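The next block is coords13.txt, given as compact mmCIF, C-alpha atoms and all ligand atoms.
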```
# COMPACT_ATOMS: atom_id res chain seq x y z
CA MET D 1 17.39 -20.96 -34.45
CA ILE D 2 17.54 -18.65 -31.42
CA THR D 3 21.18 -17.85 -30.66
CA LEU D 4 22.54 -17.00 -27.22
CA ALA D 5 26.11 -15.82 -26.67
CA LEU D 6 28.20 -16.15 -23.52
CA ALA D 7 30.34 -13.06 -23.06
CA GLY D 8 32.39 -11.52 -20.28
CA LYS D 9 35.92 -10.91 -19.14
CA PRO D 10 38.50 -13.69 -19.48
CA ASN D 11 38.52 -16.53 -16.96
CA CYS D 12 35.01 -15.94 -15.58
CA GLY D 13 33.73 -19.40 -16.55
CA LYS D 14 32.14 -18.94 -19.98
CA SER D 15 33.56 -22.16 -21.40
CA THR D 16 32.59 -24.06 -18.25
CA PHE D 17 29.00 -22.83 -18.67
CA PHE D 18 29.17 -23.69 -22.36
CA LYS D 19 30.48 -27.18 -21.70
CA ALA D 20 27.87 -27.83 -19.02
CA ALA D 21 25.05 -26.65 -21.29
CA THR D 22 26.18 -28.39 -24.47
CA MET D 23 28.36 -31.27 -23.17
CA ALA D 24 30.81 -30.40 -25.96
CA GLN D 25 34.52 -30.91 -25.42
CA VAL D 26 36.07 -27.49 -24.90
CA GLU D 27 39.12 -26.20 -23.12
CA ILE D 28 38.74 -24.82 -19.59
CA ALA D 29 41.64 -23.41 -17.59
CA ASN D 30 42.40 -20.93 -14.83
CA TYR D 31 44.12 -18.28 -16.98
CA PRO D 32 42.86 -15.57 -19.33
CA PHE D 33 42.25 -16.21 -23.04
CA THR D 34 41.96 -19.97 -22.83
CA THR D 35 39.33 -19.64 -25.54
CA ILE D 36 40.42 -17.80 -28.68
CA ASP D 37 38.11 -19.05 -31.42
CA ALA D 38 34.48 -18.94 -30.38
CA ASN D 39 32.87 -22.31 -29.59
CA ASN D 40 29.51 -23.01 -31.21
CA GLY D 41 27.16 -25.60 -29.80
CA VAL D 42 23.59 -26.58 -29.11
CA ALA D 43 22.00 -25.97 -25.71
CA TYR D 44 18.37 -26.52 -24.73
CA VAL D 45 15.56 -24.59 -23.12
CA ARG D 46 13.41 -26.53 -20.77
CA THR D 47 9.63 -26.65 -21.12
CA ARG D 48 6.73 -28.75 -19.91
CA CYS D 49 5.68 -31.17 -22.63
CA PRO D 50 1.94 -30.94 -23.43
CA CYS D 51 1.68 -34.74 -23.56
CA GLN D 52 1.22 -34.63 -19.79
CA ASP D 53 -2.09 -32.70 -20.00
CA LEU D 54 -3.29 -34.89 -22.83
CA GLY D 55 -2.91 -38.06 -20.80
CA ILE D 56 -0.38 -39.48 -23.23
CA ASN D 57 2.09 -41.46 -21.23
CA GLY D 58 5.51 -40.94 -22.72
CA CYS D 59 5.29 -39.15 -26.06
CA GLY D 60 8.84 -40.21 -26.82
CA ASN D 61 10.16 -36.65 -26.98
CA CYS D 62 10.31 -35.82 -23.29
CA THR D 63 11.50 -37.23 -20.00
CA GLY D 64 8.54 -37.53 -17.68
CA GLY D 65 7.03 -34.38 -19.12
CA VAL D 66 10.25 -32.34 -19.22
CA ARG D 67 11.00 -31.39 -22.77
CA PHE D 68 14.10 -29.70 -24.17
CA VAL D 69 14.02 -27.45 -27.22
CA PRO D 70 17.33 -26.65 -28.98
CA VAL D 71 18.91 -23.20 -29.16
CA ALA D 72 22.35 -22.24 -30.45
CA LEU D 73 24.96 -21.24 -27.88
CA ILE D 74 28.21 -19.38 -28.62
CA ASP D 75 31.11 -19.19 -26.19
CA VAL D 76 33.00 -16.02 -27.06
CA ALA D 77 36.63 -15.29 -26.18
CA GLY D 78 37.16 -13.08 -23.13
CA LEU D 79 36.74 -9.32 -23.45
CA VAL D 80 38.67 -6.77 -21.44
CA PRO D 81 38.02 -3.05 -20.86
CA ASP D 82 38.93 -1.11 -24.03
CA ALA D 83 38.55 -4.22 -26.21
CA HIS D 84 36.86 -1.98 -28.80
CA LYS D 85 40.19 -0.18 -29.16
CA GLY D 86 41.92 -3.47 -29.76
CA ARG D 87 43.01 -4.15 -26.18
CA GLY D 88 43.32 -7.71 -24.95
CA LEU D 89 43.38 -9.92 -27.95
CA GLY D 90 41.74 -7.37 -30.17
CA ASN D 91 38.23 -6.32 -31.02
CA GLN D 92 37.50 -9.13 -33.46
CA PHE D 93 35.92 -11.03 -30.57
CA LEU D 94 33.14 -8.51 -30.43
CA ASP D 95 32.32 -9.64 -33.94
CA ASN D 96 31.35 -13.04 -32.55
CA LEU D 97 28.40 -11.34 -30.90
CA ARG D 98 26.90 -10.45 -34.28
CA GLN D 99 24.64 -13.47 -34.58
CA ALA D 100 23.48 -13.37 -30.95
CA ASP D 101 19.82 -12.68 -30.23
CA ALA D 102 20.61 -12.27 -26.53
CA ILE D 103 23.75 -12.17 -24.44
CA ILE D 104 24.50 -13.99 -21.21
CA HIS D 105 27.05 -11.77 -19.51
CA VAL D 106 29.11 -13.97 -17.21
CA VAL D 107 30.57 -12.18 -14.18
CA ASP D 108 32.96 -13.98 -11.83
CA ALA D 109 31.18 -13.55 -8.50
CA SER D 110 34.06 -15.02 -6.48
CA GLY D 111 36.19 -11.91 -6.88
CA ALA D 112 39.17 -14.20 -7.55
CA THR D 113 40.03 -12.72 -10.96
CA ASP D 114 40.91 -9.11 -11.75
CA ALA D 115 39.39 -6.97 -14.52
CA GLU D 116 41.66 -8.67 -17.05
CA GLY D 117 40.86 -12.18 -15.83
CA ASN D 118 44.15 -12.84 -14.01
CA PRO D 119 43.83 -14.98 -10.88
CA VAL D 120 44.06 -12.89 -7.69
CA ASP D 121 43.32 -13.59 -4.02
CA PRO D 122 39.64 -14.51 -3.63
CA GLY D 123 37.57 -11.49 -2.75
CA SER D 124 40.23 -8.93 -3.70
CA HIS D 125 38.38 -7.82 -6.84
CA ASP D 126 34.86 -6.39 -6.59
CA PRO D 127 32.78 -8.23 -9.23
CA ARG D 128 30.24 -5.41 -9.35
CA GLU D 129 32.85 -3.46 -11.28
CA ASP D 130 32.67 -6.04 -14.08
CA ILE D 131 28.98 -5.53 -14.81
CA ARG D 132 29.08 -2.25 -16.70
CA PHE D 133 32.13 -2.61 -18.89
CA LEU D 134 30.69 -5.04 -21.41
CA GLU D 135 27.78 -2.81 -22.37
CA HIS D 136 30.23 0.04 -22.89
CA GLU D 137 32.55 -2.11 -25.04
CA MET D 138 29.64 -3.29 -27.15
CA THR D 139 28.34 0.25 -27.53
CA MET D 140 31.73 1.59 -28.58
CA TRP D 141 32.13 -1.29 -31.01
CA VAL D 142 28.87 -0.30 -32.74
CA VAL D 143 29.84 3.39 -32.58
CA GLY D 144 33.05 2.35 -34.38
CA ILE D 145 31.21 0.47 -37.11
CA LEU D 146 28.71 3.26 -37.65
CA GLY D 147 31.39 5.96 -37.32
CA LYS D 148 33.25 4.56 -40.29
CA HIS D 149 30.21 5.16 -42.46
CA TRP D 150 29.05 8.38 -40.78
CA PRO D 151 30.65 11.01 -43.06
CA ARG D 152 29.18 9.24 -46.10
CA LEU D 153 25.75 8.84 -44.50
CA GLN D 154 25.73 12.51 -43.48
CA ARG D 155 26.61 13.53 -47.02
CA GLN D 156 23.94 11.33 -48.55
CA ALA D 157 21.41 12.64 -46.04
CA GLN D 158 21.67 16.04 -47.76
CA GLN D 159 19.65 14.58 -50.61
CA ARG D 160 15.97 14.63 -49.89
CA THR D 161 15.38 11.19 -51.37
CA PHE D 162 17.83 9.53 -49.00
CA ASP D 163 16.44 7.95 -45.82
CA ILE D 164 19.17 7.93 -43.18
CA ILE D 165 17.28 5.34 -41.12
CA ASP D 166 17.58 3.03 -44.08
CA GLY D 167 21.28 3.85 -44.43
CA VAL D 168 21.99 3.08 -40.75
CA ALA D 169 19.95 -0.14 -40.85
CA ASP D 170 21.92 -1.17 -43.91
CA VAL D 171 25.28 -0.67 -42.18
CA LEU D 172 24.11 -2.60 -39.10
CA ALA D 173 22.16 -5.36 -40.87
CA GLY D 174 24.96 -7.82 -40.09
CA LEU D 175 24.14 -7.39 -36.40
CA GLY D 176 20.54 -8.40 -37.00
CA ILE D 177 19.41 -4.77 -36.60
CA THR D 178 16.37 -3.78 -38.66
CA TYR D 179 14.88 -0.57 -40.03
CA GLU D 180 12.25 -0.64 -37.25
CA ASP D 181 14.94 -1.03 -34.59
CA VAL D 182 16.76 2.06 -35.88
CA LYS D 183 13.61 4.10 -36.33
CA ASP D 184 12.10 3.18 -32.95
CA THR D 185 15.35 3.91 -31.14
CA ALA D 186 15.75 7.33 -32.78
CA ASP D 187 12.09 8.14 -32.07
CA GLU D 188 12.38 7.01 -28.47
CA LEU D 189 15.40 9.23 -27.88
CA GLY D 190 13.83 12.04 -29.89
CA ILE D 191 16.88 12.47 -32.09
CA ASP D 192 17.15 13.28 -35.75
CA LEU D 193 19.99 11.16 -37.15
CA ARG D 194 20.49 13.60 -40.04
CA ARG D 195 21.58 16.17 -37.50
CA THR D 196 23.54 13.90 -35.19
CA GLY D 197 27.30 14.34 -35.16
CA GLU D 198 29.58 11.34 -35.04
CA GLU D 199 30.60 12.32 -31.50
CA ASP D 200 26.97 12.05 -30.37
CA LEU D 201 26.33 8.53 -31.59
CA GLU D 202 27.06 6.83 -28.27
CA PRO D 203 23.65 7.17 -26.54
CA PHE D 204 21.92 6.12 -29.75
CA CYS D 205 24.10 3.01 -30.15
CA GLU D 206 23.70 2.12 -26.48
CA ARG D 207 19.90 2.21 -26.67
CA LEU D 208 19.90 0.40 -30.01
CA LEU D 209 21.91 -2.44 -28.50
CA GLN D 210 19.73 -2.67 -25.40
CA ARG D 211 16.82 -3.20 -27.74
CA THR D 212 18.45 -5.65 -30.13
CA LYS D 213 20.94 -7.57 -27.94
CA PRO D 214 19.35 -7.86 -24.50
CA VAL D 215 21.72 -8.94 -21.75
CA LEU D 216 21.22 -11.26 -18.78
CA PHE D 217 23.87 -10.93 -16.05
CA ILE D 218 24.99 -13.98 -14.18
CA GLY D 219 27.15 -14.19 -11.08
CA ASN D 220 29.13 -17.36 -11.81
CA LYS D 221 31.25 -19.33 -9.30
CA MET D 222 28.59 -18.81 -6.61
CA ASP D 223 30.11 -21.86 -4.93
CA THR D 224 33.16 -19.82 -3.93
CA ALA D 225 31.59 -16.35 -3.68
CA THR D 226 30.92 -14.80 -0.29
CA PRO D 227 27.23 -14.19 0.54
CA GLU D 228 27.95 -10.43 0.55
CA MET D 229 29.38 -10.51 -2.95
CA LEU D 230 26.50 -12.61 -4.22
CA SER D 231 23.86 -10.36 -2.73
CA GLY D 232 25.69 -7.29 -4.03
CA LEU D 233 25.52 -8.76 -7.53
CA LYS D 234 21.91 -9.88 -7.11
CA ASP D 235 20.99 -6.29 -6.20
CA LEU D 236 22.33 -5.30 -9.61
CA GLY D 237 20.16 -7.95 -11.30
CA ALA D 238 22.65 -10.79 -11.68
CA VAL D 239 21.50 -14.42 -11.37
CA PRO D 240 23.70 -16.62 -9.14
CA VAL D 241 25.10 -19.64 -10.97
CA SER D 242 27.69 -22.37 -10.55
CA ALA D 243 28.70 -23.55 -13.98
CA ALA D 244 31.27 -25.88 -12.41
CA ALA D 245 28.58 -27.56 -10.29
CA GLU D 246 26.31 -27.99 -13.31
CA LEU D 247 29.17 -29.48 -15.29
CA ALA D 248 29.94 -31.92 -12.48
CA VAL D 249 26.34 -33.11 -12.13
CA ARG D 250 25.82 -33.39 -15.88
CA MET D 251 28.96 -35.49 -16.15
CA ALA D 252 27.90 -37.64 -13.20
CA ALA D 253 24.49 -38.15 -14.83
CA ASP D 254 26.18 -38.96 -18.12
CA GLY D 255 28.33 -41.53 -16.36
CA GLY D 256 25.22 -43.15 -14.88
CA PHE D 257 26.06 -42.25 -11.28
CA ILE D 258 23.13 -39.98 -10.57
CA GLU D 259 19.60 -39.19 -11.77
CA TYR D 260 19.47 -35.56 -12.84
CA VAL D 261 17.35 -33.63 -15.27
CA PRO D 262 18.91 -30.24 -16.12
CA GLY D 263 17.03 -27.49 -14.34
CA ASP D 264 15.95 -29.71 -11.46
CA PRO D 265 16.65 -28.30 -8.02
CA SER D 266 18.36 -31.53 -6.92
CA PHE D 267 19.67 -34.92 -8.08
CA ALA D 268 19.65 -38.41 -6.64
CA ILE D 269 22.71 -40.61 -6.33
CA LYS D 270 21.84 -44.00 -7.76
CA PRO D 271 22.10 -46.87 -5.33
CA GLU D 272 24.81 -49.41 -6.13
CA THR D 273 27.06 -47.03 -8.06
CA ASN D 274 30.81 -47.21 -7.89
CA LEU D 275 31.58 -43.74 -6.65
CA SER D 276 34.84 -43.17 -4.87
CA ALA D 277 34.61 -41.57 -1.43
CA GLN D 278 36.02 -38.39 -2.98
CA GLN D 279 33.46 -38.32 -5.80
CA ARG D 280 30.67 -38.92 -3.31
CA ALA D 281 31.89 -36.12 -1.07
CA GLY D 282 32.13 -33.79 -4.09
CA LEU D 283 28.56 -34.57 -5.13
CA GLU D 284 27.29 -34.15 -1.60
CA LYS D 285 28.85 -30.69 -1.46
CA ILE D 286 27.11 -29.79 -4.71
CA ALA D 287 23.82 -31.13 -3.34
CA VAL D 288 24.10 -28.68 -0.42
CA LEU D 289 24.85 -25.79 -2.80
CA MET D 290 21.89 -26.72 -5.01
CA ALA D 291 19.56 -26.99 -2.02
CA GLU D 292 20.61 -23.52 -0.94
CA HIS D 293 20.04 -21.93 -4.38
CA GLY D 294 17.31 -24.14 -5.84
CA GLY D 295 19.72 -25.70 -8.37
CA THR D 296 22.94 -24.71 -10.12
CA GLY D 297 21.28 -21.90 -12.07
CA VAL D 298 22.58 -22.88 -15.52
CA GLN D 299 19.35 -24.20 -17.00
CA GLY D 300 17.36 -21.38 -15.41
CA VAL D 301 19.60 -18.81 -17.11
CA ILE D 302 19.06 -20.31 -20.56
CA ASP D 303 15.32 -20.47 -19.91
CA ARG D 304 15.15 -16.87 -18.72
CA ALA D 305 17.16 -15.62 -21.69
CA VAL D 306 14.79 -17.32 -24.11
CA TYR D 307 11.42 -16.86 -22.40
CA GLU D 308 11.93 -13.50 -20.71
CA LEU D 309 14.55 -11.56 -22.66
CA LEU D 310 13.48 -12.86 -26.05
CA ASP D 311 9.81 -13.34 -25.19
CA GLN D 312 9.51 -16.75 -26.81
CA ILE D 313 6.76 -19.35 -26.53
CA VAL D 314 6.81 -23.02 -27.53
CA VAL D 315 4.33 -24.19 -30.15
CA TYR D 316 3.74 -27.73 -31.42
CA PRO D 317 2.65 -28.18 -35.05
CA VAL D 318 0.88 -31.49 -35.80
CA GLU D 319 -0.71 -33.00 -38.89
CA ASP D 320 -3.34 -35.14 -37.16
CA GLU D 321 -5.16 -32.96 -34.65
CA HIS D 322 -6.99 -35.91 -33.08
CA HIS D 323 -3.91 -37.91 -32.21
CA TYR D 324 -1.43 -34.99 -31.99
CA THR D 325 0.86 -36.68 -34.48
CA ASP D 326 2.61 -36.17 -37.79
CA LYS D 327 1.94 -38.40 -40.79
CA GLN D 328 4.27 -41.07 -39.47
CA GLY D 329 2.31 -41.28 -36.24
CA ARG D 330 4.97 -39.61 -34.10
CA VAL D 331 3.37 -37.82 -31.15
CA LEU D 332 4.13 -34.09 -30.83
CA PRO D 333 7.18 -34.48 -33.07
CA ASP D 334 8.22 -30.82 -33.25
CA ALA D 335 8.51 -28.03 -30.73
CA PHE D 336 9.10 -24.56 -32.20
CA LEU D 337 10.24 -21.49 -30.36
CA MET D 338 8.36 -18.43 -31.62
CA ARG D 339 8.09 -14.85 -30.50
CA ARG D 340 5.04 -14.10 -28.37
CA GLY D 341 2.47 -12.49 -30.64
CA SER D 342 3.11 -14.95 -33.49
CA THR D 343 0.06 -16.21 -35.36
CA PRO D 344 -0.89 -19.52 -37.02
CA ARG D 345 0.16 -18.00 -40.32
CA ASP D 346 3.63 -17.28 -38.89
CA LEU D 347 3.78 -20.88 -37.71
CA ALA D 348 2.81 -22.10 -41.18
CA PHE D 349 5.74 -20.16 -42.64
CA ARG D 350 8.06 -21.60 -39.98
CA VAL D 351 7.03 -25.15 -40.94
CA HIS D 352 7.68 -24.41 -44.62
CA SER D 353 7.42 -21.38 -46.87
CA ASP D 354 5.12 -23.36 -49.22
CA ILE D 355 2.79 -24.24 -46.35
CA GLY D 356 2.77 -20.57 -45.38
CA GLU D 357 1.95 -19.41 -48.89
CA GLY D 358 -0.88 -21.93 -49.19
CA PHE D 359 -2.22 -21.21 -45.68
CA LEU D 360 -6.01 -21.73 -45.44
CA TYR D 361 -6.76 -22.03 -41.73
CA ALA D 362 -5.53 -23.59 -38.51
CA VAL D 363 -7.06 -25.87 -35.92
CA ASP D 364 -6.33 -25.70 -32.21
CA ALA D 365 -5.84 -29.40 -31.51
CA ARG D 366 -6.70 -29.10 -27.83
CA SER D 367 -10.18 -27.68 -28.47
CA GLY D 368 -10.67 -29.02 -31.97
CA MET D 369 -11.76 -25.51 -33.02
CA ARG D 370 -10.70 -23.59 -36.08
CA ILE D 371 -8.75 -20.47 -35.22
CA LYS D 372 -8.31 -17.31 -37.23
CA GLU D 373 -5.02 -16.64 -38.97
CA SER D 374 -4.58 -13.53 -36.84
CA THR D 375 -5.10 -15.30 -33.49
CA GLU D 376 -2.16 -14.88 -31.14
CA LEU D 377 -0.61 -18.26 -30.39
CA LYS D 378 -0.11 -19.25 -26.75
CA ASP D 379 2.71 -21.12 -25.08
CA GLY D 380 2.05 -24.87 -25.36
CA ASP D 381 -0.40 -24.56 -28.26
CA ILE D 382 -0.78 -27.63 -30.48
CA ILE D 383 -1.75 -26.48 -33.95
CA LYS D 384 -2.73 -28.17 -37.16
CA ILE D 385 -2.20 -26.04 -40.23
CA VAL D 386 -4.43 -26.58 -43.22
CA SER D 387 -2.77 -25.39 -46.40
CA THR D 388 -3.34 -25.83 -50.14
CA LYS D 389 0.27 -27.09 -50.27
CA LYS D 390 1.42 -30.32 -48.68
N1 LIG J 401 34.60 -22.46 -8.32
C1 LIG J 401 34.22 -22.35 -9.57
N2 LIG J 401 35.12 -22.25 -10.55
C2 LIG J 401 34.67 -22.14 -11.82
C3 LIG J 401 33.28 -22.10 -12.14
N3 LIG J 401 33.15 -21.97 -13.48
C4 LIG J 401 34.40 -21.94 -13.98
N4 LIG J 401 35.33 -22.04 -13.00
C5 LIG J 401 36.80 -22.04 -13.13
O1 LIG J 401 37.21 -20.79 -13.67
C6 LIG J 401 38.35 -20.98 -14.52
C7 LIG J 401 38.06 -20.40 -15.90
O2 LIG J 401 37.04 -21.15 -16.51
P1 LIG J 401 36.78 -21.10 -18.10
O3 LIG J 401 35.47 -21.77 -18.32
O4 LIG J 401 37.95 -21.57 -18.85
O5 LIG J 401 36.62 -19.51 -18.26
P2 LIG J 401 36.42 -18.64 -19.61
O6 LIG J 401 35.56 -17.50 -19.23
O7 LIG J 401 35.98 -19.50 -20.72
O8 LIG J 401 37.91 -18.11 -19.84
P3 LIG J 401 38.59 -17.56 -21.22
O9 LIG J 401 38.31 -18.54 -22.30
O10 LIG J 401 40.01 -17.50 -20.85
O11 LIG J 401 37.98 -16.23 -21.47
C8 LIG J 401 38.62 -22.48 -14.55
O12 LIG J 401 39.61 -22.76 -13.61
C9 LIG J 401 37.28 -23.08 -14.13
O13 LIG J 401 37.40 -24.35 -13.53
C10 LIG J 401 32.34 -22.21 -11.06
O14 LIG J 401 31.12 -22.20 -11.21
N5 LIG J 401 32.87 -22.33 -9.81
MG MG J 402 36.86 -19.92 -22.49
```
In structure tokens, write the structure found in this file.
Ligand SMILES: Nc1nc2c(ncn2[C@@H]2O[C@H](COP(=O)(O)OP(=O)(O)OP(=O)(O)O)[C@@H](O)[C@H]2O)c(=O)[nH]1
Ligand SMILES: [Mg+2]
Amino acid sequence: MITLALAGKPNCGKSTFFKAATMAQVEIANYPFTTIDANNGVAYVRTRCPCQDLGINGCGNCTGGVRFVPVALIDVAGLVPDAHKGRGLGNQFLDNLRQADAIIHVVDASGATDAEGNPVDPGSHDPREDIRFLEHEMTMWVVGILGKHWPRLQRQAQQRTFDIIDGVADVLAGLGITYEDVKDTADELGIDLRRTGEEDLEPFCERLLQRTKPVLFIGNKMDTATPEMLSGLKDLGAVPVSAAAELAVRMAADGGFIEYVPGDPSFAIKPETNLSAQQRAGLEKIAVLMAEHGGTGVQGVIDRAVYELLDQIVVYPVEDEHHYTDKQGRVLPDAFLMRRGSTPRDLAFRVHSDIGEGFLYAVDARSGMRIKESTELKDGDIIKIVSTKK
């Protein structure tokens, strides 16, 4: 499963975002290091269910054509500058980023917490200063891991049969870094790792991370940020978000008070609900915020991380290409996230390794045509795989 990690300094709202996206019970509080052990949960990317184009009314797996596909979400403990040297609560938190395919870097746009996450007067800390530090910490963390092995790798590289790219990929395999990642990064920078000193590893590790752990910046707490601070962050590429607003509307929807589909730009208060005047006023304030920003931003961030940073598409395997069902007659039962450029053969392997090994051909269910195993799949494709194995 695709894994996204929420990272950033303490007290910026990571757990609030996590709770809003997963509806899991986690601790949230206005002081640093509320979260110590990472929280793991399931969030969803939003997509348009193909049943709408096919004239199937209610496939059973979507809400009025809005379909949600699961991804893993990790809420990592807060990181402070120099975390890689063990500052804050130590560098073991960086380890929680190992499994992440992409990172959502949460910045507190309100300026009401300092670089260490301590509450300060709103606006007294410039959130733009919080954008760069995480990349540096992550880079230095990888430099540290690689540095430990560097003298050995340099020694081994004296032998002609030893491939240093292989050696580096081996050391960093736990971070999901491959031989190609290492090779492409070295080629791109034009460096020969056999002749790179330990002290020169930083630019290499930085570029390697940019390639393998892409980061999306978000300016959280937009509800209390000044317009100047928000636009300053937006200029640096951050997406404005209010995790607290999303949490409030998801809880109100859960409680049956409002109609809200995550990612919608607005919600509707149900008539005849028992909201207190205070709750109603709170929701109305959120409605104004959402109207101003086109929503709370939370769902959009997950979607951008998956579709843009990780370049994923959604593909629907079926067994009956005429009725778009599996053997049990369930319509469009599965939705798979796959990297753009994937082929029907890749899909066959995703369904099951046996199906992949016995792959014969695929049928595009929309057109009813056979497609070649090397055809690039498109977002929203509905595919029947024909395999010698069942
Ligand atoms: N106004 C506002 N406050 C928020 C928002 N998101 C989180 N907060 C508040 O910020 C404080 C910290 O939130 P947490 O979610 O615990 O932050 P965290 O990043 O997980 O903190 P650590 O676990 O300590 O690293 C809490 O008081 C939250 O209520 C938001 O969108 N708007
Ligand atoms: Mg937390």
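Note that atom CA of Ile269 of chain D and atom CA of Ile218 of chain D are 27.9 Å apart.
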- What do you get as a PyMOL selection string if you pick all residues at most 7 Å from ligand LIG 401 (chain J), counting all atoms listed in the file? chain D and resi 8-17+27-36+77-78+220-224+241-245
- Task: Just the residues within 10 Å of Thr47 of chain D, please, counting all atoms listed in the file, with nothing from its chain fewer than 4 positions along; format it as a list in words.
- Result: Cys62, Gly65, Val66, Arg67, Phe68, Val69, Asp303, Ile313, Val314, Ala335, Asp379 and Gly380 of chain D
- Message: Can you tell me which residues surround segment 95-106 of chain D at a distance of at most 6 Å, considering all atoms listed in the file, apart from same-chain residues fewer than 3 positions away, and format the answer as a PyMOL selection string?
- Response: chain D and resi 3-8+92+175+213-218
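A straight line drawn from atom CA of Pro227 of chain D to atom CA of Leu134 of chain D is 24.0 Å long.
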- Task: Identify, on the basis of all atoms listed in the file, every residue whose closest approach to Asn274 of chain D does not exceed 10 Å; exclude the query and any residue fewer than 5 positions from it along the same chain; express the result as an NGL selection string.
- Result: :D and (256-257 or 279-280)
Take segment 257-271 of chain D, model N, CA and C atoms, and hand the result over as a PDB file, keeping the file's coordinate frame.
```
ATOM      1  N   PHE D 257      25.938 -42.220 -12.744  1.00  0.00           N
ATOM      2  CA  PHE D 257      26.060 -42.250 -11.280  1.00  0.00           C
ATOM      3  C   PHE D 257      24.864 -41.646 -10.560  1.00  0.00           C
ATOM      4  N   ILE D 258      24.244 -40.676 -11.228  1.00  0.00           N
ATOM      5  CA  ILE D 258      23.130 -39.980 -10.570  1.00  0.00           C
ATOM      6  C   ILE D 258      21.953 -39.837 -11.540  1.00  0.00           C
ATOM      7  N   GLU D 259      20.775 -39.567 -10.966  1.00  0.00           N
ATOM      8  CA  GLU D 259      19.600 -39.190 -11.770  1.00  0.00           C
ATOM      9  C   GLU D 259      19.505 -37.684 -11.687  1.00  0.00           C
ATOM     10  N   TYR D 260      19.557 -37.027 -12.852  1.00  0.00           N
ATOM     11  CA  TYR D 260      19.470 -35.560 -12.840  1.00  0.00           C
ATOM     12  C   TYR D 260      18.899 -35.086 -14.161  1.00  0.00           C
ATOM     13  N   VAL D 261      17.886 -34.261 -14.068  1.00  0.00           N
ATOM     14  CA  VAL D 261      17.350 -33.630 -15.270  1.00  0.00           C
ATOM     15  C   VAL D 261      17.739 -32.152 -15.179  1.00  0.00           C
ATOM     16  N   PRO D 262      18.464 -31.629 -16.195  1.00  0.00           N
ATOM     17  CA  PRO D 262      18.910 -30.240 -16.120  1.00  0.00           C
ATOM     18  C   PRO D 262      17.772 -29.284 -15.767  1.00  0.00           C
ATOM     19  N   GLY D 263      18.045 -28.431 -14.803  1.00  0.00           N
ATOM     20  CA  GLY D 263      17.030 -27.490 -14.340  1.00  0.00           C
ATOM     21  C   GLY D 263      16.345 -27.955 -13.079  1.00  0.00           C
ATOM     22  N   ASP D 264      16.524 -29.230 -12.714  1.00  0.00           N
ATOM     23  CA  ASP D 264      15.950 -29.710 -11.460  1.00  0.00           C
ATOM     24  C   ASP D 264      16.693 -29.073 -10.293  1.00  0.00           C
ATOM     25  N   PRO D 265      15.985 -28.912  -9.173  1.00  0.00           N
ATOM     26  CA  PRO D 265      16.650 -28.300  -8.020  1.00  0.00           C
ATOM     27  C   PRO D 265      17.595 -29.271  -7.292  1.00  0.00           C
ATOM     28  N   SER D 266      17.504 -30.560  -7.620  1.00  0.00           N
ATOM     29  CA  SER D 266      18.360 -31.530  -6.920  1.00  0.00           C
ATOM     30  C   SER D 266      18.604 -32.729  -7.821  1.00  0.00           C
ATOM     31  N   PHE D 267      19.430 -33.656  -7.346  1.00  0.00           N
ATOM     32  CA  PHE D 267      19.670 -34.920  -8.080  1.00  0.00           C
ATOM     33  C   PHE D 267      19.679 -36.039  -7.061  1.00  0.00           C
ATOM     34  N   ALA D 268      19.621 -37.251  -7.556  1.00  0.00           N
ATOM     35  CA  ALA D 268      19.650 -38.410  -6.640  1.00  0.00           C
ATOM     36  C   ALA D 268      20.799 -39.319  -7.035  1.00  0.00           C
ATOM     37  N   ILE D 269      21.621 -39.668  -6.068  1.00  0.00           N
ATOM     38  CA  ILE D 269      22.710 -40.610  -6.330  1.00  0.00           C
ATOM     39  C   ILE D 269      22.076 -41.994  -6.459  1.00  0.00           C
ATOM     40  N   LYS D 270      22.429 -42.680  -7.545  1.00  0.00           N
ATOM     41  CA  LYS D 270      21.840 -44.000  -7.760  1.00  0.00           C
ATOM     42  C   LYS D 270      22.407 -44.989  -6.743  1.00  0.00           C
ATOM     43  N   PRO D 271      21.553 -45.870  -6.236  1.00  0.00           N
ATOM     44  CA  PRO D 271      22.100 -46.870  -5.330  1.00  0.00           C
ATOM     45  C   PRO D 271      23.037 -47.794  -6.117  1.00  0.00           C
TER      46      PRO D 271
END
```
